[in-house]
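Pasting final.txt here (compact mmCIF, C-alpha atoms):
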```txt
# COMPACT_ATOMS: atom_id res chain seq x y z
CA MET A 713 77.58 94.22 81.50
CA PRO A 714 76.34 95.00 85.05
CA SER A 715 75.87 98.73 85.62
CA TYR A 716 77.31 98.62 89.13
CA ARG A 717 79.12 96.46 91.69
CA ARG A 718 78.32 96.36 95.39
CA LEU A 719 81.22 97.13 97.74
CA ALA A 720 81.13 94.92 100.83
CA TRP A 721 83.90 96.64 102.82
CA ASP A 722 82.58 100.15 102.25
CA SER A 723 79.03 99.05 103.04
CA ASP A 724 80.10 97.49 106.31
CA PHE A 725 82.24 100.52 107.24
CA LEU A 726 79.59 103.13 106.48
CA GLY A 727 76.62 101.09 107.64
CA VAL A 728 74.71 101.64 104.38
CA ALA A 729 74.68 99.85 101.02
CA VAL A 730 77.51 101.19 98.84
CA ALA A 731 78.24 100.40 95.19
CA ARG A 732 80.52 101.51 92.37
CA ILE A 733 79.06 102.40 88.98
CA ALA A 734 80.93 100.61 86.20
CA GLN A 735 83.77 102.75 84.91
CA GLU A 736 82.76 102.03 81.32
CA ILE A 737 79.53 103.93 81.91
CA ASP A 738 80.46 107.48 81.04
CA ASP A 739 77.46 108.97 79.30
CA GLU A 740 74.71 110.90 81.01
CA LYS A 741 71.82 108.69 79.95
CA SER A 742 73.46 105.47 81.17
CA VAL A 743 74.49 107.01 84.51
CA THR A 744 70.97 108.33 85.11
CA ARG A 745 69.58 104.84 84.43
CA ALA A 746 72.19 103.26 86.73
CA LEU A 747 71.27 105.66 89.54
CA ARG A 748 67.60 104.69 89.20
CA GLU A 749 68.59 101.01 89.42
CA LEU A 750 70.76 101.66 92.47
CA LYS A 751 68.00 103.51 94.28
CA ALA A 752 65.51 100.72 93.52
CA ALA A 753 68.02 98.17 94.85
CA GLY A 754 68.40 100.04 98.14
CA VAL A 755 71.93 101.28 97.48
CA ARG A 756 72.49 104.45 99.50
CA LEU A 757 75.86 105.65 98.15
CA ALA A 758 77.33 105.21 94.68
CA TYR A 759 80.87 106.00 93.56
CA TRP A 760 81.46 106.88 89.92
CA GLN A 761 84.91 107.20 88.36
CA PRO A 762 84.62 108.19 84.70
CA ARG A 763 87.10 109.95 82.44
CA ASP A 764 87.80 113.54 83.37
CA SER A 765 85.82 116.04 81.34
CA GLU A 766 84.17 119.34 82.13
CA ALA A 767 80.89 118.10 80.64
CA LEU A 768 80.78 115.10 83.00
CA ARG A 769 81.72 117.32 85.97
CA ASN A 770 78.83 119.62 85.19
CA PHE A 771 76.48 116.69 84.68
CA ALA A 772 77.46 115.17 88.03
CA ARG A 773 76.87 118.43 89.86
CA ALA A 774 73.56 118.99 88.10
CA SER A 775 72.50 115.44 89.00
CA GLY A 776 72.97 116.09 92.72
CA ALA A 777 76.42 114.65 93.34
CA SER A 778 77.60 115.49 96.84
CA PHE A 779 81.26 115.33 95.84
CA VAL A 780 83.04 115.77 92.50
CA GLY A 781 86.81 115.53 92.61
CA THR A 782 89.82 114.44 90.59
CA HIS A 783 91.48 111.05 91.04
CA VAL A 784 95.12 110.98 89.92
CA ARG A 785 97.63 108.14 89.88
CA TYR A 786 101.36 108.77 89.68
CA GLU A 787 104.04 106.19 89.01
CA ARG A 788 107.76 105.86 88.36
CA SER A 789 110.47 103.28 87.88
CA THR A 790 112.14 102.08 91.06
CA GLU A 791 115.55 102.26 89.38
CA GLY A 792 118.06 104.92 90.29
CA VAL A 793 116.36 106.26 93.41
CA LYS A 794 118.75 107.75 95.96
CA VAL A 795 117.79 108.14 99.59
CA SER A 796 119.48 111.20 101.05
CA SER A 797 121.38 110.80 104.30
CA GLY A 798 122.57 113.41 106.74
CA SER A 799 119.26 115.29 106.81
CA GLY A 800 118.85 114.88 110.55
CA PHE A 801 116.06 112.35 110.05
CA ARG A 802 116.32 108.57 110.08
CA VAL A 803 113.82 106.29 108.34
CA HIS A 804 113.11 102.81 109.64
CA SER A 805 110.43 100.15 109.36
CA GLN A 806 107.93 100.73 112.14
CA GLY A 807 106.99 97.62 114.12
CA SER A 808 103.55 98.56 115.40
CA VAL A 809 100.97 101.31 115.41
CA ASN A 810 100.90 104.10 118.00
CA GLU A 811 98.94 107.29 118.56
CA GLU A 812 101.54 109.46 116.79
CA LEU A 813 101.16 107.41 113.62
CA GLU A 814 97.37 107.35 113.83
CA ALA A 815 97.32 111.13 114.24
CA LEU A 816 99.49 111.48 111.13
CA ALA A 817 97.15 109.15 109.23
CA VAL A 818 94.20 111.34 110.20
CA GLU A 819 96.14 114.36 108.94
CA ALA A 820 96.76 112.55 105.65
CA GLY A 821 93.01 112.23 105.18
CA THR A 822 92.02 115.87 105.63
CA LEU A 823 91.80 116.46 101.86
CA SER A 824 90.35 113.07 100.99
CA ARG A 825 86.95 112.62 99.36
CA PHE A 826 85.67 111.18 102.62
CA ALA A 827 86.56 114.41 104.41
CA LEU A 828 85.38 116.78 101.68
CA ASP A 829 82.01 115.14 100.95
CA PRO A 830 79.55 117.14 103.10
CA ALA A 831 77.06 114.26 103.03
CA MET A 832 79.47 111.90 104.81
CA PRO A 833 78.64 111.37 108.49
CA ALA A 834 80.81 113.46 110.81
CA GLY A 835 84.05 111.72 111.75
CA THR A 836 84.01 109.31 108.79
CA ALA A 837 87.41 110.37 107.43
CA GLU A 838 89.12 110.20 110.83
CA ARG A 839 87.68 106.75 111.52
CA LEU A 840 88.68 105.49 108.07
CA TYR A 841 92.25 106.75 108.22
CA ARG A 842 92.80 105.35 111.70
CA ILE A 843 91.71 101.97 110.38
CA TRP A 844 93.96 102.42 107.36
CA MET A 845 96.96 102.96 109.60
CA ARG A 846 96.18 99.98 111.81
CA GLU A 847 95.69 97.77 108.75
CA SER A 848 99.01 98.84 107.19
CA PHE A 849 101.14 96.58 109.38
CA GLY A 850 100.83 93.43 107.28
CA GLY A 851 97.08 93.92 107.06
CA ALA A 852 94.50 94.48 104.37
CA MET A 853 95.67 98.02 103.57
CA GLY A 854 99.45 97.71 103.69
CA ASP A 855 102.47 95.52 104.30
CA GLU A 856 104.82 97.97 105.96
CA VAL A 857 105.04 101.41 107.53
CA LEU A 858 108.21 103.47 107.21
CA ALA A 859 108.62 106.18 109.82
CA ALA A 860 111.00 109.13 109.78
CA ARG A 861 112.31 110.22 113.16
CA ASP A 862 114.48 112.91 114.64
CA ALA A 863 115.51 113.66 118.21
CA SER A 864 112.01 114.88 119.02
CA GLY A 865 110.13 111.80 117.80
CA VAL A 866 108.15 110.82 114.72
CA ALA A 867 108.60 113.34 111.91
CA GLY A 868 106.48 111.58 109.27
CA MET A 869 105.41 108.25 107.85
CA VAL A 870 104.59 106.44 104.62
CA THR A 871 102.67 103.18 104.19
CA LEU A 872 103.55 100.69 101.49
CA LYS A 873 101.78 97.69 100.00
CA GLN A 874 104.30 96.01 97.71
CA ASP A 875 104.54 98.50 94.82
CA VAL A 876 101.83 100.93 95.94
CA ILE A 877 102.28 103.86 98.32
CA GLY A 878 99.23 104.35 100.53
CA LEU A 879 99.47 107.16 103.07
CA VAL A 880 102.10 109.88 103.34
CA ALA A 881 102.09 112.46 106.13
CA VAL A 882 104.63 114.78 107.74
CA ALA A 883 104.37 116.19 111.25
CA GLU A 884 103.57 119.89 111.22
CA ARG A 885 106.80 120.82 113.02
CA CYS A 886 108.85 119.18 110.25
CA ARG A 887 107.13 120.50 107.15
CA GLY A 888 109.43 122.18 104.68
CA ALA A 889 112.44 120.19 105.89
CA GLY A 890 112.42 117.59 103.10
CA VAL A 891 110.80 114.83 105.16
CA GLY A 892 108.13 114.13 102.55
CA ARG A 893 110.70 113.59 99.81
CA LEU A 894 112.79 111.44 102.15
CA LEU A 895 109.79 109.22 102.88
CA VAL A 896 108.72 108.89 99.24
CA HIS A 897 112.27 108.09 98.13
CA SER A 898 112.56 105.54 100.97
CA ALA A 899 109.32 103.84 99.90
CA THR A 900 110.52 103.77 96.29
CA ALA A 901 113.82 102.21 97.35
CA ARG A 902 111.98 99.67 99.50
CA ALA A 903 109.84 98.62 96.52
CA ALA A 904 113.05 98.14 94.54
CA GLN A 905 114.39 95.91 97.32
CA LEU A 906 111.21 93.85 97.00
CA GLY A 907 111.94 93.31 93.31
CA LYS A 908 109.30 95.70 92.01
CA ALA A 909 110.14 97.47 88.75
CA ARG A 910 107.63 100.28 89.21
CA ILE A 911 105.76 101.94 92.05
CA SER A 912 102.57 104.01 92.09
CA VAL A 913 100.56 106.28 94.35
CA VAL A 914 97.03 107.70 94.18
CA THR A 915 95.92 111.09 95.45
CA GLN A 916 93.33 113.80 94.88
CA GLY A 917 94.13 116.10 91.98
CA GLU A 918 93.00 118.99 94.18
CA ASN A 919 95.75 118.15 96.70
CA ALA A 920 98.33 120.36 95.02
CA ALA A 921 100.98 119.84 97.73
CA ALA A 922 100.84 116.05 97.35
CA CYS A 923 101.02 116.27 93.56
CA ARG A 924 104.07 118.56 93.76
CA LEU A 925 105.74 116.18 96.20
CA TYR A 926 105.37 113.14 93.96
CA GLU A 927 106.46 115.04 90.87
CA SER A 928 109.55 116.31 92.72
CA CYS A 929 110.40 112.68 93.49
CA GLY A 930 110.37 111.65 89.84
CA TYR A 931 106.79 110.38 89.65
CA ALA A 932 104.81 111.10 86.48
CA LEU A 933 101.06 111.30 85.97
CA ALA A 934 99.80 107.93 84.72
CA GLU A 935 96.03 108.24 85.08
CA ARG A 936 93.50 111.00 85.65
CA SER A 937 89.75 110.60 86.14
CA LEU A 938 86.83 112.04 88.02
CA ILE A 939 85.70 110.62 91.35
CA VAL A 940 82.07 111.30 92.16
CA HIS A 941 79.77 110.49 95.09
CA PHE A 942 76.03 110.13 94.56
CA TRP A 943 73.77 109.67 97.59
CA THR A 944 70.58 108.17 96.22
CA THR A 945 68.11 109.59 98.76
```
Starting from the file, lay out its structure as structure tokens.
Amino acid sequence: MPSYRRLAWDSDFLGVAVARIAQEIDDEKSVTRALRELKAAGVRLAYWQPRDSEALRNFARASGASFVGTHVRYERSTEGVKVSSGSGFRVHSQGSVNEELEALAVEAGTLSRFALDPAMPAGTAERLYRIWMRESFGGAMGDEVLAARDASGVAGMVTLKQDVIGLVAVAERCRGAGVGRLLVHSATARAAQLGKARISVVTQGENAAACRLYESCGYALAERSLIVHFWTT
């Protein structure tokens, strides 16, 4: 079994060789060996996503990881979802990207691993999340963008790729008004319309607000693991 897999998109985006250590590798000796192989092969950044354990967290930190976080995936059935009406916000399928949506996408990335890793070049998270928004209109990162609006403009957005929610963000002026739940319920209902039995979403375990939002919308924790960044030089 190969100890790692090169990631073409990430390498092109970051301008350095990027790889992912095989998820099956979850012992200290094997990871140390894989990191030596990666460095010898000229790989600059390695992602590692093993099972979540305090021992592996401590090992990653002791081995010089620049970022150690928690990857969580939530999912739920698409049956029985009800989209509230009369909230003062209307949700519709957005036809094209605009600066309001890109700004919300950037906001969605402020607690991402690309923003929290101090070894990432400045501006990486903003650049990535702007691309993510642009590529969510029938592109590589999404099929559709649902936007919530009120009389003042865009109140929030959610991106959807079939049965996977990508980005969720609410404008600062509308936080606490139920827009996040409205968007998540709308995405869940849209997946049901597409014939999908279940829908999922990934976030950082450290993003407590996002986790509470998904749980309040009937999503349950389906997977939990570490997500680690190793820079090899």
query = Once you count all atoms listed in the file, which residues end up no further than 12 Å from (83.8, 101.0, 87.3) in the file's frame, shown as a PyMOL selection string?
reply = chain A and resi 713-719+731-738+743+746+758-763+937-940
message = Applying 9 Å and all atoms listed in the file, which residues near Ala859 (chain A) remain after dropping the ones on its own chain fewer than 3 positions away? List them as a VMD selection string.
response = chain A and resid 802 to 806 813 866 to 871 895
ask   = Between CA of Thr944 (chain A) and CA of Leu747 (chain A), what is the distance, to one decimal in Å?
value = 7.2 Å
Who sits within 7 Å of Val876 (chain A), only C-alpha atoms, same chain under 6 positions skipped, as a PyMOL selection string = chain A and resi 911-913
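Non-sequential neighbours of Val755 (chain A) (distance at most 7 Å, separation of 3 or more positions within a chain, only C-alpha atoms) are Ala729, Val730, Ala731, Leu750 and Lys751 of chain A.
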Output file for the selection above: C-alpha atoms, as a JSON list (two decimals), in the coordinates of the input:
```json
[["chain", "number", "residue", "atom", "x", "y", "z"],
["A", 729, "ALA", "CA", 74.68, 99.85, 101.02],
["A", 730, "VAL", "CA", 77.51, 101.19, 98.84],
["A", 731, "ALA", "CA", 78.24, 100.40, 95.19],
["A", 750, "LEU", "CA", 70.76, 101.66, 92.47],
["A", 751, "LYS", "CA", 68.00, 103.51, 94.28]]
```
query = Any idea what's packed within 8 Å of Ala901 (chain A), counting all atoms listed in the file, ignoring anything in its chain fewer than 5 positions away? Could you give it as a ChimeraX atom specification?
reply = /A:790,793-795
request  = Could you check how far CA of Arg839 (chain A) sits from CA of Ala852 (chain A), in Å to one decimal?
outcome  =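 Going from CA of Arg839 (chain A) over to CA of Ala852 (chain A), I get 15.8 Å.
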request  = Can you pull out every residue within 10 Å of Arg825 (chain A), counting all atoms listed in the file, but drop anything in the same chain fewer than 2 positions away, and send it as a ChimeraX atom specification?
outcome  = /A:779-783,821-823,827-830,832,837,915-916,939-941
Would you mind exporting the chosen residues as an mmCIF file, keeping the file's coordinate frame, restricted to C-alpha atoms?
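File produced: result_22.cif:
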```cif
data_model
loop_
_atom_site.group_PDB
_atom_site.id
_atom_site.type_symbol
_atom_site.label_atom_id
_atom_site.label_comp_id
_atom_site.auth_asym_id
_atom_site.auth_seq_id
_atom_site.Cartn_x
_atom_site.Cartn_y
_atom_site.Cartn_z
ATOM 1 C CA PHE A 779 81.260 115.330 95.840
ATOM 2 C CA VAL A 780 83.040 115.770 92.500
ATOM 3 C CA GLY A 781 86.810 115.530 92.610
ATOM 4 C CA THR A 782 89.820 114.440 90.590
ATOM 5 C CA HIS A 783 91.480 111.050 91.040
ATOM 6 C CA GLY A 821 93.010 112.230 105.180
ATOM 7 C CA THR A 822 92.020 115.870 105.630
ATOM 8 C CA LEU A 823 91.800 116.460 101.860
ATOM 9 C CA ALA A 827 86.560 114.410 104.410
ATOM 10 C CA LEU A 828 85.380 116.780 101.680
ATOM 11 C CA ASP A 829 82.010 115.140 100.950
ATOM 12 C CA PRO A 830 79.550 117.140 103.100
ATOM 13 C CA MET A 832 79.470 111.900 104.810
ATOM 14 C CA ALA A 837 87.410 110.370 107.430
ATOM 15 C CA THR A 915 95.920 111.090 95.450
ATOM 16 C CA GLN A 916 93.330 113.800 94.880
ATOM 17 C CA ILE A 939 85.700 110.620 91.350
ATOM 18 C CA VAL A 940 82.070 111.300 92.160
ATOM 19 C CA HIS A 941 79.770 110.490 95.090
#
```
task = Can you work out which one of A:Glu766, A:Ala921, A:Phe725, A:Val914 has the shortest atom-to-atom distance to Tyr841 (chain A), counting only C-alpha atoms?
result =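 Comparing A:Glu766, A:Ala921, A:Phe725, A:Val914 against Tyr841 (chain A), the winner is A:Phe725.
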task = Calculate how many Å separate CA of Gly754 (chain A) from CA of Ser723 (chain A), rounding to one decimal.
result =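 Between these atoms lies a distance of 11.7 Å.
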Extending 6 Å beyond the listed atoms of region 746-761 of chain A on each side, what axis-aligned box results? I want centre and edge lengths in Å to one decimal, as JSON.
```
{"center_x": 75.2, "center_y": 102.7, "center_z": 93.1, "size_x": 31.4, "size_y": 21.0, "size_z": 24.8}
```
inquiry  = Using only C-alpha atoms and a cutoff of 7 Å, can you tell me which residues are near (106.2, 108.2, 98.9) in the file's coordinates, and write them out as an NGL selection string?
reply    = :A and (870 or 877 or 880 or 895-897 or 899-900)
Report the closest atom pair, with its distance in Å rounded to one decimal, for each residue of region 758-809 of chain A that has an atom no farther than 9 Å from region 922-934 of chain A; count all atoms listed in the file, sort by chain and then rising residue number, and write it as a tab-separated table.
```
residue	atom	partner	partner_atom	distance
A:Val784	CA	A:Leu933	CA	7.1
A:Arg785	CA	A:Ala934	CA	5.6
A:Tyr786	CA	A:Leu933	CA	4.5
A:Glu787	CA	A:Tyr931	CA	5.1
A:Arg788	CA	A:Tyr931	CA	4.8
A:Ser789	CA	A:Tyr931	CA	8.2
A:Val793	CA	A:Cys929	CA	8.8
```
task = Choose the residue, out of A:Gly878, A:Asp724, A:Thr744, A:Gly917, that has the smallest atom-to-atom separation from Ser775 (chain A); count all atoms listed in the file.
result =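 Checking each of A:Gly878, A:Asp724, A:Thr744, A:Gly917 against Ser775 (chain A), counting all atoms listed in the file, the winner is A:Thr744.
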ask   = Quick one: of A:Ser864, A:Leu879, A:Ala904, A:Arg769, who's nearest to Glu819 (chain A), counting only C-alpha atoms?
value =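 Of all the options, A:Leu879 lies closest to Glu819 (chain A).
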Closest of A:Ser898, A:Ser796, A:Ser824, A:Thr836 to Leu858 (chain A) - atom-to-atom distances counting all atoms listed in the file =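 Among the listed residues, A:Ser898 lies closest to Leu858 (chain A).
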Starting from the sparse input, extend region 871-902 of chain A to N, CA and C atoms and give the output as a PDB file, keeping the file's coordinate frame.
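Contents of selection.pdb, as written:
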```pdb
ATOM      1  N   THR A 871     103.066 104.590 104.194  1.00  0.00           N
ATOM      2  CA  THR A 871     102.670 103.180 104.190  1.00  0.00           C
ATOM      3  C   THR A 871     102.891 102.608 102.800  1.00  0.00           C
ATOM      4  N   LEU A 872     103.195 101.333 102.756  1.00  0.00           N
ATOM      5  CA  LEU A 872     103.550 100.690 101.490  1.00  0.00           C
ATOM      6  C   LEU A 872     102.889  99.316 101.416  1.00  0.00           C
ATOM      7  N   LYS A 873     102.300  99.026 100.275  1.00  0.00           N
ATOM      8  CA  LYS A 873     101.780  97.690 100.000  1.00  0.00           C
ATOM      9  C   LYS A 873     102.417  97.206  98.706  1.00  0.00           C
ATOM     10  N   GLN A 874     103.513  96.494  98.839  1.00  0.00           N
ATOM     11  CA  GLN A 874     104.300  96.010  97.710  1.00  0.00           C
ATOM     12  C   GLN A 874     104.783  97.173  96.848  1.00  0.00           C
ATOM     13  N   ASP A 875     104.109  97.445  95.731  1.00  0.00           N
ATOM     14  CA  ASP A 875     104.540  98.500  94.820  1.00  0.00           C
ATOM     15  C   ASP A 875     103.544  99.662  94.773  1.00  0.00           C
ATOM     16  N   VAL A 876     102.809  99.841  95.870  1.00  0.00           N
ATOM     17  CA  VAL A 876     101.830 100.930  95.940  1.00  0.00           C
ATOM     18  C   VAL A 876     102.014 101.693  97.250  1.00  0.00           C
ATOM     19  N   ILE A 877     102.239 103.003  97.143  1.00  0.00           N
ATOM     20  CA  ILE A 877     102.280 103.860  98.320  1.00  0.00           C
ATOM     21  C   ILE A 877     100.843 104.160  98.734  1.00  0.00           C
ATOM     22  N   GLY A 878     100.564 104.065 100.043  1.00  0.00           N
ATOM     23  CA  GLY A 878      99.230 104.350 100.530  1.00  0.00           C
ATOM     24  C   GLY A 878      99.115 105.740 101.120  1.00  0.00           C
ATOM     25  N   LEU A 879      99.550 105.891 102.358  1.00  0.00           N
ATOM     26  CA  LEU A 879      99.470 107.160 103.070  1.00  0.00           C
ATOM     27  C   LEU A 879     100.857 107.794 103.178  1.00  0.00           C
ATOM     28  N   VAL A 880     100.891 109.103 103.076  1.00  0.00           N
ATOM     29  CA  VAL A 880     102.100 109.880 103.340  1.00  0.00           C
ATOM     30  C   VAL A 880     101.694 111.065 104.185  1.00  0.00           C
ATOM     31  N   ALA A 881     102.391 111.289 105.295  1.00  0.00           N
ATOM     32  CA  ALA A 881     102.090 112.460 106.130  1.00  0.00           C
ATOM     33  C   ALA A 881     103.358 112.886 106.851  1.00  0.00           C
ATOM     34  N   VAL A 882     103.480 114.189 107.049  1.00  0.00           N
ATOM     35  CA  VAL A 882     104.630 114.780 107.740  1.00  0.00           C
ATOM     36  C   VAL A 882     104.113 115.581 108.923  1.00  0.00           C
ATOM     37  N   ALA A 883     104.749 115.423 110.066  1.00  0.00           N
ATOM     38  CA  ALA A 883     104.370 116.190 111.250  1.00  0.00           C
ATOM     39  C   ALA A 883     104.504 117.678 110.968  1.00  0.00           C
ATOM     40  N   GLU A 884     103.596 118.459 111.510  1.00  0.00           N
ATOM     41  CA  GLU A 884     103.570 119.890 111.220  1.00  0.00           C
ATOM     42  C   GLU A 884     104.893 120.574 111.525  1.00  0.00           C
ATOM     43  N   ARG A 885     105.554 120.163 112.614  1.00  0.00           N
ATOM     44  CA  ARG A 885     106.800 120.820 113.020  1.00  0.00           C
ATOM     45  C   ARG A 885     107.937 120.557 112.029  1.00  0.00           C
ATOM     46  N   CYS A 886     107.771 119.557 111.158  1.00  0.00           N
ATOM     47  CA  CYS A 886     108.850 119.180 110.250  1.00  0.00           C
ATOM     48  C   CYS A 886     108.572 119.531 108.789  1.00  0.00           C
ATOM     49  N   ARG A 887     107.465 120.185 108.532  1.00  0.00           N
ATOM     50  CA  ARG A 887     107.130 120.500 107.150  1.00  0.00           C
ATOM     51  C   ARG A 887     108.105 121.528 106.577  1.00  0.00           C
ATOM     52  N   GLY A 888     108.468 121.300 105.329  1.00  0.00           N
ATOM     53  CA  GLY A 888     109.430 122.180 104.680  1.00  0.00           C
ATOM     54  C   GLY A 888     110.871 121.751 104.876  1.00  0.00           C
ATOM     55  N   ALA A 889     111.075 120.644 105.610  1.00  0.00           N
ATOM     56  CA  ALA A 889     112.440 120.190 105.890  1.00  0.00           C
ATOM     57  C   ALA A 889     112.866 119.018 105.002  1.00  0.00           C
ATOM     58  N   GLY A 890     112.056 118.674 104.008  1.00  0.00           N
ATOM     59  CA  GLY A 890     112.420 117.590 103.100  1.00  0.00           C
ATOM     60  C   GLY A 890     112.011 116.210 103.570  1.00  0.00           C
ATOM     61  N   VAL A 891     111.200 116.134 104.626  1.00  0.00           N
ATOM     62  CA  VAL A 891     110.800 114.830 105.160  1.00  0.00           C
ATOM     63  C   VAL A 891     109.915 114.082 104.171  1.00  0.00           C
ATOM     64  N   GLY A 892     109.007 114.787 103.516  1.00  0.00           N
ATOM     65  CA  GLY A 892     108.130 114.130 102.550  1.00  0.00           C
ATOM     66  C   GLY A 892     108.912 113.468 101.437  1.00  0.00           C
ATOM     67  N   ARG A 893     109.873 114.175 100.877  1.00  0.00           N
ATOM     68  CA  ARG A 893     110.700 113.590  99.810  1.00  0.00           C
ATOM     69  C   ARG A 893     111.509 112.408 100.340  1.00  0.00           C
ATOM     70  N   LEU A 894     112.035 112.539 101.550  1.00  0.00           N
ATOM     71  CA  LEU A 894     112.790 111.440 102.150  1.00  0.00           C
ATOM     72  C   LEU A 894     111.928 110.190 102.271  1.00  0.00           C
ATOM     73  N   LEU A 895     110.688 110.363 102.701  1.00  0.00           N
ATOM     74  CA  LEU A 895     109.790 109.220 102.880  1.00  0.00           C
ATOM     75  C   LEU A 895     109.413 108.592 101.536  1.00  0.00           C
ATOM     76  N   VAL A 896     109.100 109.430 100.542  1.00  0.00           N
ATOM     77  CA  VAL A 896     108.720 108.890  99.240  1.00  0.00           C
ATOM     78  C   VAL A 896     109.896 108.177  98.589  1.00  0.00           C
ATOM     79  N   HIS A 897     111.086 108.756  98.673  1.00  0.00           N
ATOM     80  CA  HIS A 897     112.270 108.090  98.130  1.00  0.00           C
ATOM     81  C   HIS A 897     112.536 106.770  98.874  1.00  0.00           C
ATOM     82  N   SER A 898     112.333 106.768 100.184  1.00  0.00           N
ATOM     83  CA  SER A 898     112.560 105.540 100.970  1.00  0.00           C
ATOM     84  C   SER A 898     111.578 104.453 100.574  1.00  0.00           C
ATOM     85  N   ALA A 899     110.310 104.823 100.336  1.00  0.00           N
ATOM     86  CA  ALA A 899     109.320 103.840  99.900  1.00  0.00           C
ATOM     87  C   ALA A 899     109.653 103.304  98.517  1.00  0.00           C
ATOM     88  N   THR A 900     110.131 104.183  97.640  1.00  0.00           N
ATOM     89  CA  THR A 900     110.520 103.770  96.290  1.00  0.00           C
ATOM     90  C   THR A 900     111.686 102.792  96.349  1.00  0.00           C
ATOM     91  N   ALA A 901     112.668 103.100  97.195  1.00  0.00           N
ATOM     92  CA  ALA A 901     113.820 102.210  97.350  1.00  0.00           C
ATOM     93  C   ALA A 901     113.405 100.875  97.955  1.00  0.00           C
ATOM     94  N   ARG A 902     112.453 100.912  98.876  1.00  0.00           N
ATOM     95  CA  ARG A 902     111.980  99.670  99.500  1.00  0.00           C
ATOM     96  C   ARG A 902     111.281  98.790  98.460  1.00  0.00           C
TER      97      ARG A 902
END
```
